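Notes to accompany the following structure.
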Amino acid sequence: MTTPATETAPSSPAEYEGAVGRAREAAAAYYGDGGSPLDDASYDELLRAIEAWEKDHPEHVAADSPTGKVGAGAAPVGDIAHTTRLLSLDNAFSPENLLSWGASVARRLGRPVTGGWAIDLKLDGAAIAARYRAGRLERIITRGNGTHGEDVSHVIGTIVGLPTRLDAPLTVEVRGEVLFSHEQFEDANRVRAEHGAKLFPNPRNATSGTLRAKNRPYELPMTFFAYGAVELEAETFLPDGATHAEILQAVADAGVQTTADTPAGLHVFTTLAEVQQQVDVIAARRPSLPFDIDGAVIRANDTAEQSAVGVGSRFPHWAIAYKYPAVERMTTLKRVTWEVGRTGVIAPTAELEPVEVGGTIVTRATLHNPADIRRRDLRLGDHVTVRRAGDVIPQVQAPVVALRPGGAEPVPLPEVCPNCGGEINKAKERWRCAKGSACRLPALIEYAAGRDQLDIEGLGTRYVKALVESGAVSDIGDLFTLTVEQLSAASGSDKRGAKLAEQIAAAKSLPLNRIFCALGILGTGRSMSRRIAAYFRTMDAIRAADADALRWVEGIGPEKAPVVVEQVADMAPVIAKLVAAGVNMEEPEQDTESSDEGPLAGKTVVVTGKMTDVLDGYGRNEMNELIEKAGGRAGSSVNSKTDYLVAAETGGKPSTKAVKAAALGVTVLTPGAFAELVADFIG
Ligand code: IVH
């Protein structure tokens, strides 16, 4: 069973009660052992379905409904009273949601907002209140149920950005988010492994676990960013009538890190259109941020306007969270396959029940190594969380033990090398074939010499074996520096040696697509290599491409792109050998070259996304052909030389390319508008 992707609104009181029960169970598990049967995205959806029913049936709202409560009423509540309530935030999921929230703010205010909108990151950690007295950090309290929280002062002194002493003897309560940066998270799990402790499935879980754990024999550093401050005991700290941005500046001046210090900063805009642009810029930057975010927070910047707009039972009316798609989802682990890499490493891959993560369907994910599989106690058939942060290859995070089917078998580990059937070297955590790179080398060299690659006729299994065993060839780069003598020795005849040398010399001037294909990059056979070479034209351009750029080659999806990028990067030493040997690294121009006539004469056009309208079904090759017929040149990435970006509508979140085009002032055309421009050349 996998998590349902879509929650439909309950249609009867019984269904409603069932939905409330499921939501409460999920929330309790979330704050308890982390064994929630729902992932965040599904939980959000369930909550929205419950809310929709409650709106239509206000008289039937269950007393234990999670909708009216901070933390769904399931967060651990401590005994420390908060100075003023720690509120949660309402969510927006689309530009329309943002605009209608803006309209509701104006309605409550009786006029449009004049103090502007502040926007910063919605950090995915845990909310805390940190009380400073006379400049000393005295107490840290969790959000709890919003009015009471737990004392977690044991973490004082372990949080980057939350100093134990301020720069001035101030008495103030700073509020913000504590989290594990990606680097801190990796370190924390390393320390946990050393102590034989269970690994944290994700940074947010690590945060709540660390706040709760009072007697650990080790310390795990975290990071803090403030997003607010409250005055304590009539001490004036905040400038009179300060704006939100000024409050954060005062907090920063006292020595505390704020959301203005994050890579995306804190920005104040006059219009919600500008805010939406920043929402899109943050979405584009999300993959490269050093910590997890789940959205952006937008609020009225003027605190007088905030007071006038007011707060509801759970949310302030003057602020909203614009949520991005979840990067972590839950699915089922079907089986684990093992592949031997170029260097002999035996790498496991999880085969999953297909699940949508961050907008794309994931069916395979990386697992680290056998020791990690055992540490996480993964079993076949387990519910697992899968994470795809940014352009990295999706990874399996953790099993949800509470949902484990009865009798689930531990993931079997290989007993012999899955490639050659030989012995496995288990000395390190990453297992290798005992033969090392020699395990796959003969097959790789033979493949490279094949007709569709370097076309070195006669270089078959026997001679390749001899060359590898003599140590003359340890990668395909070595083929090009072999002497006639070495080739003669390997083939047992001077005549054959001379013929092989001739063919190897001829292979140096083959087009890039053949050389690239010879590298044996997984997932790039003959026609894919042709498409890659035709698109990028030079090996340098292929090497410079990130996963996003590669996806514009027809047939390269979100799962393949990062894998290809990683393999191309690994091949750097081999490519260097090829270049040094004088091997051609360019793809010759095709016949359909750009001309100086046509509506696109002299223009460079970049295409992104799925084409629509008249161009419906046009793939990468068709679009390139069309651009060239109309006199233009097809580019692979948006830069200062780009004239047009043809971008499919994405229904909200613009692509990275669209954001870049907007920043560079490149004209962006919809597929429909572009089709009109080149109408004479279509069909
Ligand atoms: S403002 C009254 N700003 O999101 C406004 N919250 O879902 C209260 N969060 O409990 C919060 N980043 O833990 C605010 N830049 C940010 C935030 C942020 C993360 C968290 C916070 C809050 C939750 C609401």
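Residue names in the structure tokens use chain letters A, B, ... in the order shown, residue numbers from 1 in each chain, and ligand numbers from 1 in the order shown.
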Within 8 Å of ligand 1, which residues of chain A come that close, and what is the closest atom pair and distance in Å for each? Count only C-alpha atoms and all ligand atoms and give it as JSON lines.
```
{"residue": "A:Leu86", "atom": "CA", "partner": "ligand 1", "partner_atom_place_in_ligand_line": "8 (C)", "distance": 6.6}
{"residue": "A:Leu87", "atom": "CA", "partner": "ligand 1", "partner_atom_place_in_ligand_line": "2 (C)", "distance": 5.0}
{"residue": "A:Ser88", "atom": "CA", "partner": "ligand 1", "partner_atom_place_in_ligand_line": "24 (C)", "distance": 4.0}
{"residue": "A:Leu89", "atom": "CA", "partner": "ligand 1", "partner_atom_place_in_ligand_line": "24 (C)", "distance": 4.2}
{"residue": "A:Asp90", "atom": "CA", "partner": "ligand 1", "partner_atom_place_in_ligand_line": "7 (O)", "distance": 6.9}
{"residue": "A:Asn91", "atom": "CA", "partner": "ligand 1", "partner_atom_place_in_ligand_line": "7 (O)", "distance": 7.8}
{"residue": "A:Ile119", "atom": "CA", "partner": "ligand 1", "partner_atom_place_in_ligand_line": "15 (N)", "distance": 7.8}
{"residue": "A:Asp120", "atom": "CA", "partner": "ligand 1", "partner_atom_place_in_ligand_line": "15 (N)", "distance": 5.3}
{"residue": "A:Leu121", "atom": "CA", "partner": "ligand 1", "partner_atom_place_in_ligand_line": "15 (N)", "distance": 5.0}
{"residue": "A:Lys122", "atom": "CA", "partner": "ligand 1", "partner_atom_place_in_ligand_line": "12 (N)", "distance": 3.4}
{"residue": "A:Leu123", "atom": "CA", "partner": "ligand 1", "partner_atom_place_in_ligand_line": "12 (N)", "distance": 4.0}
{"residue": "A:Asp124", "atom": "CA", "partner": "ligand 1", "partner_atom_place_in_ligand_line": "19 (C)", "distance": 5.9}
{"residue": "A:Gly125", "atom": "CA", "partner": "ligand 1", "partner_atom_place_in_ligand_line": "13 (O)", "distance": 6.8}
{"residue": "A:Ala126", "atom": "CA", "partner": "ligand 1", "partner_atom_place_in_ligand_line": "13 (O)", "distance": 5.2}
{"residue": "A:Ala127", "atom": "CA", "partner": "ligand 1", "partner_atom_place_in_ligand_line": "13 (O)", "distance": 3.8}
{"residue": "A:Ile128", "atom": "CA", "partner": "ligand 1", "partner_atom_place_in_ligand_line": "13 (O)", "distance": 7.4}
{"residue": "A:Arg143", "atom": "CA", "partner": "ligand 1", "partner_atom_place_in_ligand_line": "10 (O)", "distance": 7.2}
{"residue": "A:Gly176", "atom": "CA", "partner": "ligand 1", "partner_atom_place_in_ligand_line": "13 (O)", "distance": 6.7}
{"residue": "A:Glu177", "atom": "CA", "partner": "ligand 1", "partner_atom_place_in_ligand_line": "13 (O)", "distance": 5.6}
{"residue": "A:Ala226", "atom": "CA", "partner": "ligand 1", "partner_atom_place_in_ligand_line": "15 (N)", "distance": 7.8}
{"residue": "A:Tyr227", "atom": "CA", "partner": "ligand 1", "partner_atom_place_in_ligand_line": "3 (N)", "distance": 5.2}
{"residue": "A:Gly228", "atom": "CA", "partner": "ligand 1", "partner_atom_place_in_ligand_line": "1 (S)", "distance": 7.2}
{"residue": "A:Thr259", "atom": "CA", "partner": "ligand 1", "partner_atom_place_in_ligand_line": "15 (N)", "distance": 6.3}
{"residue": "A:Ile293", "atom": "CA", "partner": "ligand 1", "partner_atom_place_in_ligand_line": "19 (C)", "distance": 7.8}
{"residue": "A:Ala296", "atom": "CA", "partner": "ligand 1", "partner_atom_place_in_ligand_line": "15 (N)", "distance": 6.9}
{"residue": "A:Val297", "atom": "CA", "partner": "ligand 1", "partner_atom_place_in_ligand_line": "15 (N)", "distance": 5.3}
{"residue": "A:Ile298", "atom": "CA", "partner": "ligand 1", "partner_atom_place_in_ligand_line": "3 (N)", "distance": 7.9}
{"residue": "A:Phe315", "atom": "CA", "partner": "ligand 1", "partner_atom_place_in_ligand_line": "2 (C)", "distance": 6.7}
{"residue": "A:Pro316", "atom": "CA", "partner": "ligand 1", "partner_atom_place_in_ligand_line": "2 (C)", "distance": 5.5}
{"residue": "A:Ala319", "atom": "CA", "partner": "ligand 1", "partner_atom_place_in_ligand_line": "5 (C)", "distance": 6.4}
{"residue": "A:Ala321", "atom": "CA", "partner": "ligand 1", "partner_atom_place_in_ligand_line": "7 (O)", "distance": 6.8}
```
Quick check for you: according to DSSP on this backbone, which residues of region 479-635 of chain A are classed as helix (DSSP H, G or I)? Reply as JSON, numbers by chain. {"A": [479, 480, 481, 484, 485, 486, 487, 488, 489, 490, 491, 494, 495, 496, 497, 498, 499, 500, 501, 502, 503, 504, 505, 506, 507, 512, 513, 514, 515, 516, 517, 518, 526, 527, 528, 529, 530, 531, 532, 533, 534, 535, 536, 539, 540, 541, 542, 543, 544, 547, 548, 549, 550, 560, 561, 562, 563, 564, 565, 566, 567, 568, 569, 570, 572, 573, 574, 575, 576, 577, 578, 579, 580, 613, 614, 615, 620, 621, 622, 623, 624, 625, 626, 627, 628, 629]}
Find the distance between CA of Thr667 (chain A) and CA of Leu600 (chain A) and write it in Å to one decimal. 13.1 Å
Can you pull out every residue from region 305-336 of chain A that DSSP, working from the backbone, puts in strand (DSSP E), and format the result as a PyMOL selection string? chain A and resi 319-323+328-336
Can you list, as a PyMOL selection string, every protein, DNA or RNA residue that comes within 12 Å of Ser655 (chain A) when you count only C-alpha atoms, leaving out same-chain residues fewer than 2 positions away? chain A and resi 277+280-285+359+548-549+607-610+638+645-653+657-662+668
Generate the output file for the selected residues, C-alpha atoms, as a PDB file, in the first residue's frame.
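The new file selection_25.pdb reads:
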```
ATOM      1  CA  GLN A 277       8.771  37.007  -8.617  1.00  0.00           C
ATOM      2  CA  ASP A 280       9.918  32.091  -7.999  1.00  0.00           C
ATOM      3  CA  VAL A 281      13.530  33.163  -7.557  1.00  0.00           C
ATOM      4  CA  ILE A 282      13.650  31.370  -4.180  1.00  0.00           C
ATOM      5  CA  ALA A 283      12.067  28.255  -5.740  1.00  0.00           C
ATOM      6  CA  ALA A 284      14.814  28.263  -8.377  1.00  0.00           C
ATOM      7  CA  ARG A 285      17.500  28.643  -5.708  1.00  0.00           C
ATOM      8  CA  GLY A 359       6.995  17.383  -9.223  1.00  0.00           C
ATOM      9  CA  ASP A 548      18.898  21.021 -15.727  1.00  0.00           C
ATOM     10  CA  ALA A 549      20.712  21.682 -19.022  1.00  0.00           C
ATOM     11  CA  VAL A 607      13.541  26.098 -25.564  1.00  0.00           C
ATOM     12  CA  THR A 608      12.292  24.839 -22.206  1.00  0.00           C
ATOM     13  CA  GLY A 609       9.387  22.666 -21.100  1.00  0.00           C
ATOM     14  CA  LYS A 610       6.754  20.715 -22.988  1.00  0.00           C
ATOM     15  CA  VAL A 638      20.026  30.990 -21.259  1.00  0.00           C
ATOM     16  CA  LEU A 645      13.356  31.770 -24.557  1.00  0.00           C
ATOM     17  CA  VAL A 646      10.402  29.622 -25.634  1.00  0.00           C
ATOM     18  CA  ALA A 647       8.944  28.499 -22.324  1.00  0.00           C
ATOM     19  CA  ALA A 648       5.972  26.259 -21.775  1.00  0.00           C
ATOM     20  CA  GLU A 649       3.549  27.509 -19.165  1.00  0.00           C
ATOM     21  CA  THR A 650       4.333  25.723 -15.928  1.00  0.00           C
ATOM     22  CA  GLY A 651       1.137  26.634 -14.123  1.00  0.00           C
ATOM     23  CA  GLY A 652       2.714  28.628 -11.317  1.00  0.00           C
ATOM     24  CA  LYS A 653       6.345  27.855 -10.692  1.00  0.00           C
ATOM     25  CA  LYS A 657      15.536  29.092 -17.295  1.00  0.00           C
ATOM     26  CA  ALA A 658      12.516  31.408 -17.173  1.00  0.00           C
ATOM     27  CA  VAL A 659      13.786  32.991 -13.969  1.00  0.00           C
ATOM     28  CA  LYS A 660      17.211  33.498 -15.519  1.00  0.00           C
ATOM     29  CA  ALA A 661      15.671  34.922 -18.701  1.00  0.00           C
ATOM     30  CA  ALA A 662      13.665  37.401 -16.619  1.00  0.00           C
ATOM     31  CA  VAL A 668      10.181  34.975 -23.154  1.00  0.00           C
TER      32      VAL A 668
END
```
Selection near Ala273 (chain A), 10 Å with only C-alpha atoms, sequence-local residues under 3 positions removed, as a list in words: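 The residues that qualify are Pro95, Leu98, Leu99, Phe269, Thr270, Gln276, Gln277, Gln278 and Val279 of chain A.
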Name the residues in contact with Leu413 (chain A) at a cut-off of 9 Å, using only C-alpha atoms, excluding same-chain residues fewer than 3 positions from it; report them as a count of residues only. 4
Counting only C-alpha atoms, closest pick from A:Ala466, A:Val172, A:Ala630, A:Leu500 relative to Pro599 (chain A) is A:Ala630
Between A:Trp53, A:Phe93, A:Phe674, A:Tyr43, which is the closest to Tyr324 (chain A) once you count only C-alpha atoms?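 Checking each of A:Trp53, A:Phe93, A:Phe674, A:Tyr43 against Tyr324 (chain A), counting only C-alpha atoms, the winner is A:Phe93.
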Minimum-distance residue to Phe185 (chain A), chosen among A:Ala408, A:Val152, A:Val553, A:Met222 (using only C-alpha atoms): A:Met222
With distances taken over only C-alpha atoms, the candidate from A:Ile393, A:Leu109, A:Ala489, A:Leu46 nearest Ala304 (chain A) is A:Leu109
Surrounding residues of Leu137 (chain A) excluding itself and chain neighbours under 5 positions, 8 Å, only C-alpha atoms, as a count of residues only: 8
Just to confirm, what's the straight-line distance from CA of Thr147 (chain A) to CA of Leu238 (chain A) in Å (one decimal)?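 Atom-to-atom, CA of Thr147 (chain A) and CA of Leu238 (chain A) are spaced 22.6 Å apart.
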What gap, in Å, lies between CA of Asn419 (chain A) and CA of Ser470 (chain A)?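 Rounded to one decimal, the two atoms are 21.6 Å apart.
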So which one's closest to Ala206 (chain A), A:Phe180, A:Phe536, A:Tyr218, A:Phe224? Using only C-alpha atoms, please.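 Nearest to Ala206 (chain A): A:Phe180.
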Write out as number ranges by chain each polymer residue whose atoms come within 12 Å of Val416 (chain A), counting only C-alpha atoms; drop sequence neighbours fewer than 2 positions from it. A: 338-340, 346, 413-414, 418-426, 431-435
Deliver the residues from the most recent selection as a file, using N, CA and C atoms, as a JSON list (two decimals), in the first residue's frame.
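See out22.json below for the written result:
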```json
[["chain", "number", "residue", "atom", "x", "y", "z"],
["A", 338, "TRP", "N", 21.85, -4.55, -7.59],
["A", 338, "TRP", "CA", 23.26, -4.22, -7.35],
["A", 338, "TRP", "C", 23.99, -4.12, -8.68],
["A", 339, "GLU", "N", 24.73, -3.04, -8.87],
["A", 339, "GLU", "CA", 25.47, -2.87, -10.12],
["A", 339, "GLU", "C", 26.93, -2.57, -9.81],
["A", 340, "VAL", "N", 27.80, -3.09, -10.67],
["A", 340, "VAL", "CA", 29.23, -2.85, -10.46],
["A", 340, "VAL", "C", 29.64, -1.65, -11.29],
["A", 346, "ILE", "N", 30.43, -1.91, -5.83],
["A", 346, "ILE", "CA", 29.16, -2.61, -6.01],
["A", 346, "ILE", "C", 28.07, -1.76, -5.35],
["A", 413, "LEU", "N", 21.90, -9.10, 0.74],
["A", 413, "LEU", "CA", 23.15, -8.52, 0.26],
["A", 413, "LEU", "C", 23.81, -9.52, -0.68],
["A", 414, "PRO", "N", 24.54, -9.05, -1.70],
["A", 414, "PRO", "CA", 25.12, -10.00, -2.66],
["A", 414, "PRO", "C", 26.23, -10.85, -2.03],
["A", 418, "PRO", "N", 28.14, -9.17, -8.62],
["A", 418, "PRO", "CA", 27.03, -9.35, -9.56],
["A", 418, "PRO", "C", 27.46, -9.22, -11.02],
["A", 419, "ASN", "N", 28.66, -8.73, -11.29],
["A", 419, "ASN", "CA", 29.12, -8.63, -12.68],
["A", 419, "ASN", "C", 29.90, -9.87, -13.11],
["A", 420, "CYS", "N", 30.93, -10.26, -12.32],
["A", 420, "CYS", "CA", 31.80, -11.35, -12.79],
["A", 420, "CYS", "C", 31.63, -12.62, -11.97],
["A", 421, "GLY", "N", 30.83, -12.55, -10.91],
["A", 421, "GLY", "CA", 30.62, -13.75, -10.09],
["A", 421, "GLY", "C", 31.79, -14.06, -9.18],
["A", 422, "GLY", "N", 32.78, -13.16, -9.18],
["A", 422, "GLY", "CA", 33.96, -13.38, -8.35],
["A", 422, "GLY", "C", 33.76, -12.93, -6.90],
["A", 423, "GLU", "N", 34.88, -12.93, -6.20],
["A", 423, "GLU", "CA", 34.85, -12.60, -4.77],
["A", 423, "GLU", "C", 34.57, -11.10, -4.54],
["A", 424, "ILE", "N", 34.00, -10.80, -3.37],
["A", 424, "ILE", "CA", 33.75, -9.39, -3.04],
["A", 424, "ILE", "C", 34.73, -8.96, -1.95],
["A", 425, "ASN", "N", 35.27, -7.76, -2.12],
["A", 425, "ASN", "CA", 36.14, -7.19, -1.09],
["A", 425, "ASN", "C", 35.26, -6.37, -0.14],
["A", 426, "LYS", "N", 35.11, -6.86, 1.11],
["A", 426, "LYS", "CA", 34.19, -6.21, 2.05],
["A", 426, "LYS", "C", 34.94, -5.40, 3.12],
["A", 431, "TRP", "N", 31.34, -1.87, -0.65],
["A", 431, "TRP", "CA", 31.92, -3.12, -1.13],
["A", 431, "TRP", "C", 32.39, -2.94, -2.57],
["A", 432, "ARG", "N", 33.45, -3.72, -2.91],
["A", 432, "ARG", "CA", 33.97, -3.69, -4.27],
["A", 432, "ARG", "C", 34.17, -5.11, -4.77],
["A", 433, "CYS", "N", 34.18, -5.25, -6.07],
["A", 433, "CYS", "CA", 34.59, -6.52, -6.65],
["A", 433, "CYS", "C", 36.07, -6.66, -6.32],
["A", 434, "ALA", "N", 36.51, -7.87, -5.92],
["A", 434, "ALA", "CA", 37.92, -8.05, -5.54],
["A", 434, "ALA", "C", 38.85, -7.72, -6.70],
["A", 435, "LYS", "N", 38.31, -7.78, -7.91],
["A", 435, "LYS", "CA", 39.15, -7.46, -9.08],
["A", 435, "LYS", "C", 39.27, -5.95, -9.29]]
```
Nearest residue to Glu246 (chain A) out of A:Thr642, A:Thr332, A:Ser488, A:Thr303, using only C-alpha atoms? A:Thr303
